[in-house]
>>> print(open('input_8.txt').read())   # compact mmCIF, C-alpha atoms
# COMPACT_ATOMS: atom_id res chain seq x y z
CA MET A 1 35.78 40.70 16.32
CA ALA A 2 34.09 42.99 18.70
CA SER A 3 34.56 46.68 18.59
CA GLU A 4 34.70 47.22 22.33
CA ALA A 5 37.23 49.66 23.64
CA GLU A 6 38.93 47.12 25.84
CA LEU A 7 39.34 43.56 24.62
CA THR A 8 39.78 41.10 27.43
CA PRO A 9 39.02 37.36 27.45
CA THR A 10 35.95 38.04 29.54
CA SER A 11 34.61 40.69 27.22
CA TYR A 12 35.42 38.52 24.20
CA ILE A 13 33.46 35.57 25.54
CA LYS A 14 30.69 37.74 26.85
CA HIS A 15 30.35 39.42 23.52
CA HIS A 16 29.95 36.11 21.75
CA LEU A 17 27.38 34.92 24.25
CA THR A 18 25.19 37.99 24.05
CA TYR A 19 21.87 37.68 22.27
CA LEU A 20 20.25 40.21 20.04
CA GLU A 21 17.29 40.96 22.25
CA ALA A 22 14.01 42.63 21.53
CA GLN A 23 11.60 43.65 24.24
CA VAL A 24 8.16 42.41 23.24
CA SER A 25 6.26 43.64 26.24
CA GLU A 26 6.81 44.69 29.86
CA GLY A 27 8.57 42.27 32.16
CA SER A 28 11.72 40.20 32.02
CA PHE A 29 9.93 37.23 30.42
CA TRP A 30 8.77 39.15 27.38
CA VAL A 31 12.17 39.33 25.78
CA LEU A 32 12.73 37.81 22.37
CA HIS A 33 16.10 36.51 21.18
CA VAL A 34 15.76 37.67 17.60
CA ASP A 35 19.00 36.01 16.50
CA THR A 36 17.98 32.60 17.84
CA LEU A 37 14.52 32.76 16.36
CA ILE A 38 15.46 34.07 12.92
CA THR A 39 18.49 31.80 12.51
CA SER A 40 16.52 28.74 13.49
CA ILE A 41 13.64 29.62 11.19
CA ILE A 42 16.00 30.29 8.28
CA LEU A 43 17.76 26.97 8.92
CA GLY A 44 14.45 25.14 9.14
CA ILE A 45 13.24 26.68 5.92
CA ILE A 46 16.50 25.88 4.12
CA SER A 47 16.73 22.25 5.27
CA LEU A 48 13.07 21.27 5.18
CA GLY A 49 12.54 23.38 2.05
CA PHE A 50 15.36 21.50 0.33
CA ILE A 51 13.78 18.19 1.30
CA TRP A 52 10.40 19.44 0.18
CA LEU A 53 11.74 20.53 -3.21
CA VAL A 54 13.34 17.13 -3.69
CA VAL A 55 10.27 15.28 -2.50
CA ARG A 56 7.94 17.23 -4.78
CA ARG A 57 9.71 15.74 -7.78
CA ALA A 58 10.15 12.33 -6.19
CA THR A 59 9.68 9.40 -8.52
CA SER A 60 9.23 5.77 -7.71
CA GLY A 61 11.61 4.94 -10.55
CA VAL A 62 15.33 5.54 -10.56
CA PRO A 63 15.92 8.38 -8.08
CA THR A 64 18.13 11.38 -8.71
CA LYS A 65 21.16 11.88 -6.52
CA SER A 66 19.44 14.42 -4.28
CA GLN A 67 16.38 12.19 -3.99
CA ALA A 68 18.56 9.24 -3.08
CA PHE A 69 20.23 11.37 -0.41
CA VAL A 70 16.90 12.45 1.06
CA GLU A 71 15.59 8.89 0.89
CA LEU A 72 18.67 7.65 2.68
CA ALA A 73 18.03 10.07 5.56
CA VAL A 74 14.32 9.41 5.62
CA GLU A 75 14.64 5.64 5.51
CA PHE A 76 17.27 5.74 8.24
CA ILE A 77 14.96 7.73 10.50
CA ASP A 78 11.93 5.70 9.50
CA ASN A 79 13.76 2.53 10.47
CA GLU A 80 14.73 3.90 13.84
CA VAL A 81 11.15 4.97 14.49
CA LYS A 82 9.79 1.64 13.29
CA ASN A 83 11.97 -0.23 15.78
CA THR A 84 10.77 1.87 18.70
CA PHE A 85 7.26 3.00 17.94
CA HIS A 86 4.60 0.40 17.22
CA GLY A 87 1.59 2.51 16.24
CA ASN A 88 0.90 4.13 12.90
CA ARG A 89 4.08 6.14 12.74
CA HIS A 90 3.30 7.90 9.46
CA VAL A 91 0.61 10.07 11.02
CA LEU A 92 2.90 12.09 13.25
CA VAL A 93 5.84 10.39 14.92
CA ALA A 94 8.04 9.58 11.94
CA PRO A 95 7.64 12.97 10.21
CA MET A 96 8.21 14.65 13.54
CA ALA A 97 11.38 12.65 14.07
CA LEU A 98 12.55 13.72 10.61
CA THR A 99 11.82 17.36 11.41
CA ILE A 100 13.65 17.20 14.71
CA PHE A 101 16.68 15.41 13.35
CA VAL A 102 17.11 17.66 10.33
CA TRP A 103 16.37 20.88 12.13
CA VAL A 104 18.44 20.18 15.24
CA LEU A 105 21.29 18.92 13.10
CA MET A 106 21.27 22.13 11.09
CA MET A 107 21.13 24.28 14.22
CA ASN A 108 23.92 22.31 15.86
CA ALA A 109 26.00 22.42 12.72
CA MET A 110 26.13 26.22 12.94
CA ASP A 111 28.56 25.60 15.78
CA ILE A 112 31.17 24.40 13.32
CA LEU A 113 31.18 27.68 11.38
CA PRO A 114 34.10 29.80 12.59
CA ILE A 115 32.59 31.94 15.26
CA ASP A 116 34.59 35.13 14.75
CA ILE A 117 34.18 35.13 10.98
CA MET A 118 30.44 34.73 11.38
CA ALA A 119 30.43 37.54 13.96
CA TRP A 120 32.34 39.72 11.50
CA ILE A 121 29.87 38.88 8.72
CA THR A 122 26.79 39.62 10.79
CA GLU A 123 28.33 42.83 12.06
CA ASN A 124 29.84 44.22 8.89
CA ILE A 125 27.54 42.83 6.20
CA PHE A 126 24.19 42.67 7.95
CA GLY A 127 25.04 45.45 10.35
CA VAL A 128 23.85 43.76 13.53
CA HIS A 129 25.93 43.69 16.61
CA ASN A 130 25.61 40.54 18.75
CA TRP A 131 24.21 37.81 16.59
CA LYS A 132 24.48 34.30 18.00
CA ILE A 133 24.34 31.92 15.10
CA VAL A 134 23.87 28.67 17.03
CA PRO A 135 20.22 28.46 18.09
CA THR A 136 20.73 25.30 20.17
CA THR A 137 23.12 27.13 22.51
CA ASP A 138 20.07 29.07 23.55
CA VAL A 139 18.37 27.17 26.33
CA ASN A 140 15.05 28.58 25.12
CA THR A 141 15.31 26.59 21.90
CA THR A 142 16.04 23.28 23.56
CA PHE A 143 13.37 23.85 26.16
CA ALA A 144 10.89 24.85 23.49
CA LEU A 145 11.47 21.55 21.70
CA ALA A 146 11.54 19.43 24.83
CA LEU A 147 8.44 21.03 26.33
CA SER A 148 6.51 20.73 23.05
CA ILE A 149 7.36 17.06 23.04
CA TRP A 150 6.48 16.82 26.72
CA PHE A 151 3.03 18.22 26.04
CA LEU A 152 2.63 15.86 23.12
CA MET A 153 3.61 13.03 25.44
CA ILE A 154 0.89 13.98 27.93
CA PHE A 155 -1.57 14.43 25.08
CA PHE A 156 -0.91 10.93 23.80
CA ASN A 157 -1.02 9.51 27.30
CA VAL A 158 -4.52 10.87 27.71
CA LYS A 159 -5.56 10.07 24.16
CA VAL A 160 -4.41 6.46 24.17
CA LYS A 161 -5.15 5.44 27.75
CA GLY A 162 -7.93 7.87 28.55
CA MET A 163 -7.84 10.26 31.45
CA GLY A 164 -8.66 7.42 33.86
CA GLY A 165 -6.02 5.15 32.43
CA TRP A 166 -3.41 7.82 32.72
CA MET A 167 -4.40 8.59 36.30
CA TYR A 168 -4.28 4.89 37.10
CA GLU A 169 -0.79 4.78 35.69
CA LEU A 170 0.27 7.82 37.71
CA PHE A 171 -0.99 6.40 40.98
CA CYS A 172 -0.64 2.66 40.60
CA THR A 173 2.61 2.16 38.72
CA PRO A 174 5.37 1.21 39.01
CA PHE A 175 5.16 -0.14 42.58
CA GLY A 176 1.60 -1.50 42.72
CA LYS A 177 -1.99 -0.47 43.31
CA ASN A 178 -1.98 -0.69 47.09
CA PRO A 179 -3.42 2.67 48.36
CA LEU A 180 -0.42 2.96 50.67
CA LEU A 181 1.81 3.16 47.67
CA TRP A 182 -0.19 5.83 45.83
CA ILE A 183 1.81 8.73 47.13
CA LEU A 184 5.08 6.96 46.42
CA ASN A 185 3.95 6.10 42.90
CA LEU A 186 2.82 9.63 42.24
CA LEU A 187 6.08 11.05 43.52
CA PHE A 188 8.05 8.65 41.40
CA ASN A 189 6.05 9.51 38.30
CA PHE A 190 6.28 13.20 39.09
CA ILE A 191 10.06 13.01 39.22
CA GLU A 192 10.06 11.09 35.97
CA TYR A 193 7.80 13.62 34.26
CA VAL A 194 9.93 16.52 35.47
CA SER A 195 13.24 14.93 34.66
CA LYS A 196 12.25 13.96 31.13
CA PRO A 197 12.08 17.44 29.59
CA LEU A 198 14.96 18.66 31.74
CA SER A 199 17.38 15.95 30.70
CA HIS A 200 16.03 16.02 27.16
CA SER A 201 16.68 19.71 26.65
CA LEU A 202 19.72 20.24 28.86
CA ARG A 203 21.64 17.38 27.27
CA LEU A 204 21.43 19.01 23.86
CA PHE A 205 21.98 22.48 25.23
CA GLY A 206 24.94 21.47 27.39
CA ASN A 207 26.78 19.62 24.66
CA ILE A 208 26.47 22.35 22.08
CA TYR A 209 27.03 25.17 24.54
CA ALA A 210 30.18 23.52 25.86
CA GLY A 211 31.36 23.01 22.29
CA GLU A 212 30.89 26.68 21.59
CA ILE A 213 32.73 27.70 24.74
CA ILE A 214 35.65 25.53 23.75
CA PHE A 215 35.73 27.16 20.32
CA LEU A 216 35.81 30.53 22.07
CA LEU A 217 38.63 29.48 24.38
CA LEU A 218 40.59 28.14 21.42
CA GLY A 219 39.89 31.38 19.60
CA MET A 220 41.60 33.28 22.40
CA TRP A 221 44.91 31.69 21.44
CA ALA A 222 44.95 34.30 18.73
CA ALA A 223 45.63 36.92 21.35
CA THR A 224 49.04 35.44 22.12
CA GLY A 225 50.60 36.11 18.72
CA ILE A 226 51.31 34.28 15.45
CA SER A 227 52.39 30.95 16.92
CA GLY A 228 49.43 30.99 19.29
CA THR A 229 47.12 31.70 16.36
CA ILE A 230 48.49 28.75 14.40
CA PHE A 231 48.31 26.51 17.45
CA GLY A 232 44.77 27.64 18.19
CA ALA A 233 43.79 27.09 14.56
CA ILE A 234 45.09 23.52 14.60
CA LEU A 235 43.31 22.78 17.86
CA GLY A 236 40.17 24.47 16.56
CA ALA A 237 40.27 22.33 13.42
CA GLY A 238 40.63 19.20 15.52
CA TRP A 239 37.78 20.23 17.76
CA ALA A 240 35.62 21.08 14.74
CA ILE A 241 36.22 17.62 13.25
CA PHE A 242 35.34 16.02 16.55
CA HIS A 243 32.37 18.33 16.80
CA ILE A 244 30.92 16.91 13.58
CA LEU A 245 30.38 13.73 15.58
CA ILE A 246 28.90 15.53 18.57
CA VAL A 247 26.59 17.63 16.42
CA THR A 248 25.19 14.60 14.61
CA LEU A 249 25.08 12.43 17.70
CA GLN A 250 23.22 15.02 19.76
CA ALA A 251 20.67 15.57 16.99
CA PHE A 252 20.19 11.81 16.76
CA ILE A 253 19.89 11.38 20.53
CA PHE A 254 17.39 14.19 20.73
CA MET A 255 15.31 12.57 17.98
CA MET A 256 15.53 9.10 19.51
CA LEU A 257 14.50 10.35 22.96
CA THR A 258 11.53 12.08 21.37
CA VAL A 259 10.47 8.86 19.69
CA VAL A 260 11.00 6.88 22.88
CA TYR A 261 8.98 9.33 24.99
CA ILE A 262 6.12 9.40 22.52
CA SER A 263 6.05 5.63 22.17
CA MET A 264 6.18 5.22 25.97
CA ALA A 265 3.09 7.40 26.11
CA HIS A 266 1.39 4.90 23.78
CA GLU A 267 2.21 1.84 25.81
CA SER A 268 0.85 1.08 29.22
CA HIS A 269 2.88 -0.50 31.96
CA MET B 270 20.72 32.14 29.77
CA ASN B 271 17.28 33.06 30.97
CA ILE B 272 13.95 31.61 29.93
CA ASN B 273 11.91 34.11 28.01
CA PHE B 274 9.48 34.65 25.18
CA THR B 275 11.92 33.03 22.77
CA LEU B 276 10.76 29.70 24.15
CA ILE B 277 7.20 30.26 23.01
CA SER B 278 8.23 31.58 19.62
CA GLN B 279 10.54 28.62 19.10
CA ALA B 280 7.77 26.24 20.10
CA ILE B 281 5.51 27.85 17.52
CA ALA B 282 8.21 27.60 14.86
CA PHE B 283 8.76 23.97 15.83
CA SER B 284 5.09 23.09 15.52
CA VAL B 285 4.88 24.84 12.16
CA PHE B 286 7.84 22.85 10.89
CA ILE B 287 6.32 19.61 12.17
CA TRP B 288 3.04 20.46 10.49
CA PHE B 289 4.87 21.22 7.26
CA THR B 290 6.75 17.93 7.34
CA VAL B 291 3.67 15.89 8.21
CA LYS B 292 1.65 17.59 5.51
CA PHE B 293 4.00 18.12 2.60
CA VAL B 294 7.27 16.27 3.04
CA TRP B 295 6.46 12.86 4.43
CA PRO B 296 3.54 11.55 2.35
CA PRO B 297 4.89 11.99 -1.19
CA LEU B 298 8.26 10.54 -0.30
CA LEU B 299 6.69 7.64 1.51
CA ARG B 300 4.47 7.03 -1.49
CA ALA B 301 7.44 7.04 -3.84
CA ILE B 302 9.43 4.69 -1.63
CA GLU B 303 6.54 2.29 -1.15
CA GLU B 304 5.76 2.30 -4.85
CA ARG B 305 9.36 1.51 -5.65
CA GLN B 306 9.37 -1.26 -3.08
CA LYS B 307 6.26 -2.70 -4.72
CA ASN B 308 7.85 -2.43 -8.16
CA ILE B 309 10.93 -4.22 -6.94
CA ALA B 310 8.83 -6.93 -5.32
CA ASP B 311 6.84 -7.33 -8.52
CA GLY B 312 10.03 -7.53 -10.54
CA LEU B 313 11.45 -10.18 -8.28
CA ALA B 314 8.23 -12.17 -8.49
CA ALA B 315 8.25 -11.87 -12.28
CA GLY B 316 11.84 -13.07 -12.35
CA GLU B 317 10.95 -16.04 -10.23
CA ARG B 318 8.02 -16.83 -12.49
CA GLY B 319 10.23 -16.54 -15.56
CA ARG B 320 12.77 -18.90 -14.09
CA HIS B 321 10.05 -21.40 -13.29
CA GLU B 322 8.69 -21.16 -16.82
CA LEU B 323 12.16 -21.61 -18.24
CA GLU B 324 12.54 -24.76 -16.18
CA LEU B 325 9.24 -26.11 -17.49
CA ALA B 326 10.16 -25.23 -21.06
CA SER B 327 13.53 -26.94 -20.83
CA GLN B 328 11.84 -29.99 -19.40
CA ARG B 329 9.34 -29.98 -22.24
CA SER B 330 12.04 -29.47 -24.84
CA ALA B 331 13.99 -32.41 -23.42
CA GLU B 332 10.89 -34.55 -23.70
CA VAL B 333 10.27 -33.47 -27.28
CA LEU B 334 13.89 -34.14 -28.13
CA LYS B 335 13.72 -37.61 -26.65
CA GLU B 336 10.56 -38.39 -28.60
CA ALA B 337 12.10 -37.06 -31.81
CA LYS B 338 15.19 -39.20 -31.33
CA HIS B 339 13.05 -42.24 -30.76
CA LEU B 340 10.99 -41.49 -33.84
CA ALA B 341 14.09 -40.93 -35.93
CA SER B 342 15.65 -44.25 -34.89
CA GLU B 343 12.38 -45.98 -35.69
CA ILE B 344 12.30 -44.38 -39.12
CA VAL B 345 15.90 -45.35 -39.78
CA SER B 346 15.30 -48.96 -38.80
CA GLN B 347 12.21 -49.09 -40.96
CA ALA B 348 14.14 -47.66 -43.85
CA GLU B 349 16.87 -50.22 -43.39
CA LYS B 350 14.36 -53.01 -43.38
CA ARG B 351 12.72 -51.61 -46.49
CA SER B 352 16.04 -51.26 -48.26
CA THR B 353 16.98 -54.86 -47.57
CA GLU B 354 13.56 -55.86 -48.79
CA ILE B 355 14.06 -53.89 -51.97
CA VAL B 356 17.47 -55.46 -52.51
CA GLU B 357 16.03 -58.92 -52.00
CA GLU B 358 13.21 -58.22 -54.40
CA ALA B 359 15.62 -56.87 -56.97
CA LYS B 360 17.77 -59.95 -56.65
CA LYS B 361 14.75 -62.19 -57.12
CA THR B 362 13.51 -60.35 -60.21
CA ALA B 363 17.03 -60.33 -61.65
CA LYS B 364 17.30 -64.05 -61.13
CA GLU B 365 13.94 -64.67 -62.72
CA GLU B 366 14.90 -62.48 -65.66
CA SER B 367 18.21 -64.24 -66.13
CA ASP B 368 16.52 -67.65 -65.93
CA ARG B 369 14.03 -66.61 -68.54
CA ILE B 370 16.76 -65.27 -70.79
CA ILE B 371 18.77 -68.44 -70.36
CA ALA B 372 15.74 -70.59 -71.10
CA GLY B 373 14.97 -68.55 -74.21
CA ALA B 374 18.55 -68.84 -75.37
CA LYS B 375 18.53 -72.57 -74.78
CA ALA B 376 15.29 -72.99 -76.78
CA GLU B 377 16.78 -70.94 -79.61
CA VAL B 378 19.89 -73.03 -79.61
CA GLN B 379 17.76 -76.21 -79.69
CA HIS B 380 15.76 -74.85 -82.52
CA GLU B 381 18.87 -73.81 -84.44
CA MET B 382 20.35 -77.23 -83.90
CA PHE B 383 17.18 -78.88 -84.94
CA SER B 384 16.86 -76.92 -88.17
CA ALA B 385 20.56 -77.41 -88.90
CA LYS B 386 20.11 -81.15 -88.44
CA GLU B 387 17.08 -81.02 -90.72
CA ALA B 388 18.95 -79.16 -93.39
CA LEU B 389 21.92 -81.50 -93.02
CA ARG B 390 19.65 -84.51 -93.28
CA GLN B 391 17.95 -83.13 -96.42
CA TYR B 392 21.30 -82.36 -97.92
CA ALA B 393 22.55 -85.88 -97.16
CA ALA B 394 19.37 -87.34 -98.65
CA GLN B 395 19.78 -85.28 -101.75
CA LEU B 396 23.43 -86.34 -101.96
CA ALA B 397 22.39 -90.00 -101.46
CA ILE B 398 19.66 -89.67 -104.04
CA ALA B 399 21.98 -87.93 -106.43
CA GLY B 400 24.54 -90.71 -105.84
CA ALA B 401 21.97 -93.43 -106.20
CA THR B 402 20.55 -91.72 -109.23
CA LYS B 403 24.04 -91.69 -110.87
CA ILE B 404 24.47 -95.34 -110.01
CA LEU B 405 21.02 -96.39 -111.03
CA ARG B 406 21.01 -94.28 -114.23
CA ARG B 407 22.87 -96.97 -115.96
CA GLU B 408 20.83 -99.87 -114.75
CA ILE B 409 17.48 -98.56 -113.91
CA ASP B 410 15.07 -96.84 -116.11
CA ALA B 411 13.70 -93.87 -114.42
CA LYS B 412 10.35 -94.49 -115.89
CA VAL B 413 10.24 -98.11 -114.75
CA HIS B 414 11.50 -97.61 -111.28
CA ALA B 415 9.78 -94.34 -110.59
CA ASP B 416 7.68 -95.78 -107.75
CA ILE B 417 10.74 -97.24 -106.04
CA LEU B 418 12.58 -93.95 -106.25
CA VAL B 419 9.70 -92.10 -104.79
CA SER B 420 9.42 -94.51 -101.88
CA ILE B 421 13.16 -94.22 -101.20
CA GLU B 422 12.91 -90.51 -101.31
CA GLU B 423 10.02 -90.71 -98.89
CA ASP B 424 12.05 -92.81 -96.47
CA LEU B 425 15.02 -90.54 -96.55
CA ARG B 426 13.06 -87.55 -95.82
>>> encode(input="input_8.txt", output="structure tokens")
Amino acid sequence: MASEAELTPTSYIKHHLTYLEAQVSEGSFWVLHVDTLITSIILGIISLGFIWLVVRRATSGVPTKSQAFVELAVEFIDNEVKNTFHGNRHVLVAPMALTIFVWVLMMNAMDILPIDIMAWITENIFGVHNWKIVPTTDVNTTFALALSIWFLMIFFNVKVKGMGGWMYELFCTPFGKNPLLWILNLLFNFIEYVSKPLSHSLRLFGNIYAGEIIFLLLGMWAATGISGTIFGAILGAGWAIFHILIVTLQAFIFMMLTVVYISMAHESH
Amino acid sequence: MNINFTLISQAIAFSVFIWFTVKFVWPPLLRAIEERQKNIADGLAAGERGRHELELASQRSAEVLKEAKHLASEIVSQAEKRSTEIVEEAKKTAKEESDRIIAGAKAEVQHEMFSAKEALRQYAAQLAIAGATKILRREIDAKVHADILVSIEEDLR
């Protein structure tokens, strides 16, 4: 737990929600959340590296247990992509969906690790104060993913339909190509284009952030004594079990929305 | 909860991970899975082919069996016919043989009878001559009646 002089619920929660910041340059934008970045990169390297190690020795014969596990995940994702996306999915979309699912799942899953034990470990073993271990509770992470996908979406819109085709779609759909409706169409499409990355990123962020807050609130039961600690532990266990579902579901939803957005960019109205 | 440089760094990390997956993770696994799918499809096709061949073979074997049965019954009937023929032939030869033997025996018996009769007749003639000679010895001179005696002897013989 934190080593502040005064331990109040506010300071406890605040402590757990503080990032390890590094000033890259002048200005409030040029701040880097080192904990978010390094944790997410380590998680990505662990998960994708594991898959890579398995895949490197992949045989077409009888698969090993780890290969069967990886194949299960990959075929599950490949199926989902195949049902939604009708281009050549092996070039980008399916591998990207795999990356997103695995990576986001790993980052979300950090939420299940007991928050105070992890804080103790980072503080007393690695010697860093304030280390948030759940990268997806950082809105920067979710926005980074959603905006990358948003740019990809625009890229594919232009690539598949051409600049003219995309402009036509912006101005002439969904209500019709009457010049009177152009402004309305554009407004409608504008709202859609703005809402897509917002809902995409904030859904993931909100779910995981709320989960973390609830873990923190449950953790505060420990302040009320032994019985409160036990009660809080039971509730925390229940919430963690339920959180397994949320963590997986949110990773899956994030992946599916990505696939849907990219495939919508490939299809004209 | 403010937007800052972390966003850009995370986006870079994200794109690197996507690149890594596209480049190194996806293709080999896809290849392995597709190859296995092909192997399985091939195996299923081979199984189907094998079953078809088995069907053909069993059909052929049934045909061969039927033909063999037919042939066997033909052979058996032929053999039966031949055996009856042989029996008939044997009977015929046996009958011929027995007839010949019987005929030979009959001829022998005739011959025996004939020679016995001859001997008997000669013996009776000799007895008659001897009797006549005893009777005639008193009255007839052998030298005088020699021609008569000879003619009697001739007759008796």
>>> interface_residues(input="input_8.txt", of="chain A", to="chain B", cutoff="8 Å", atoms="all atoms listed in the file", output="ChimeraX atom specification")
/A:28-34,36-37,41,44,48,51-52,55-56,58-61,71,90-92,95-96,98-99,138-141,143-145,148
>>> atom_distance(input="input_8.txt", atom1="atom CA of A:Ile226", atom2="atom CA of A:Met110")
26.6 Å
>>> atom_distance(input="input_8.txt", atom1="atom CA of A:Val102", atom2="atom CA of A:Val70")
10.6 Å
>>> axis_aligned_box(input="input_8.txt", around="stretch 376-391 of chain B", padding_each_side="3 Å", output="JSON")
{"center_x": 18.6, "center_y": -77.7, "center_z": -86.6, "size_x": 12.6, "size_y": 19.6, "size_z": 25.6}
>>> closest_residue(input="input_8.txt", among="A:His16, A:Lys196, A:His243, A:Lys82", to="A:Trp150", atoms="all atoms listed in the file")
A:Lys196
>>> atom_distance(input="input_8.txt", atom1="atom CA of A:Gly206", atom2="atom CA of A:Trp103")
17.5 Å
>>> residues_around(input="input_8.txt", residues="B:Asp424", least_positions_apart="5", cutoff="10 Å", atoms="all atoms listed in the file", output="ChimeraX atom specification")
/B:394,418-419
>>> write_last_selection(input="input_8.txt", atoms="C-alpha atoms", output="compact mmCIF listing (two decimals), in the frame of the given file")
# COMPACT_ATOMS: atom_id res chain seq x y z
CA ALA B 394 19.37 -87.34 -98.65
CA LEU B 418 12.58 -93.95 -106.25
CA VAL B 419 9.70 -92.10 -104.79
>>> residues_around(input="input_8.txt", residues="A:Leu152", least_positions_apart="6", cutoff="10 Å", atoms="all atoms listed in the file", output="short mmCIF file (atom, residue, chain, number, x, y, z; two decimals) with C-alpha atoms, in the frame of the given file")
data_model
loop_
_atom_site.label_atom_id
_atom_site.label_comp_id
_atom_site.auth_asym_id
_atom_site.auth_seq_id
_atom_site.Cartn_x
_atom_site.Cartn_y
_atom_site.Cartn_z
CA ALA A 146 11.54 19.43 24.83
CA VAL A 158 -4.52 10.87 27.71
CA THR A 258 11.53 12.08 21.37
CA TYR A 261 8.98 9.33 24.99
CA ILE A 262 6.12 9.40 22.52
CA ALA A 265 3.09 7.40 26.11
#
>>> closest_residue(input="input_8.txt", among="A:Thr84, A:Ala222, A:Ile253, A:Leu17", to="A:Ile234", atoms="all atoms listed in the file")
A:Ala222
>>> residues_around(input="input_8.txt", residues="A:Phe171", least_positions_apart="3", cutoff="9 Å", atoms="all atoms listed in the file", output="mmCIF file with C-alpha atoms, in the coordinates of the input")
data_model
loop_
_atom_site.group_PDB
_atom_site.id
_atom_site.type_symbol
_atom_site.label_atom_id
_atom_site.label_comp_id
_atom_site.auth_asym_id
_atom_site.auth_seq_id
_atom_site.Cartn_x
_atom_site.Cartn_y
_atom_site.Cartn_z
ATOM 1 C CA TRP A 166 -3.410 7.820 32.720
ATOM 2 C CA MET A 167 -4.400 8.590 36.300
ATOM 3 C CA TYR A 168 -4.280 4.890 37.100
ATOM 4 C CA PRO A 174 5.370 1.210 39.010
ATOM 5 C CA GLY A 176 1.600 -1.500 42.720
ATOM 6 C CA LYS A 177 -1.990 -0.470 43.310
ATOM 7 C CA PRO A 179 -3.420 2.670 48.360
ATOM 8 C CA LEU A 181 1.810 3.160 47.670
ATOM 9 C CA TRP A 182 -0.190 5.830 45.830
ATOM 10 C CA ILE A 183 1.810 8.730 47.130
ATOM 11 C CA LEU A 184 5.080 6.960 46.420
ATOM 12 C CA ASN A 185 3.950 6.100 42.900
ATOM 13 C CA LEU A 186 2.820 9.630 42.240
ATOM 14 C CA LEU A 187 6.080 11.050 43.520
ATOM 15 C CA ASN A 189 6.050 9.510 38.300
#
>>> residues_around(input="input_8.txt", residues="stretch 383-393 of chain B", least_positions_apart="5", cutoff="10 Å", atoms="all atoms listed in the file", output="MDAnalysis selection string")
chainID B and resid 377:378 398:399 425:426
>>> closest_residue(input="input_8.txt", among="A:Ile125, A:Val194, A:Ile214, A:Leu20", to="A:Phe242", atoms="only C-alpha atoms")
A:Ile214
>>> closest_residue(input="input_8.txt", among="A:Asn207, A:Thr39, A:Thr137, A:Asn79", to="A:Val259", atoms="all atoms listed in the file")
A:Asn79
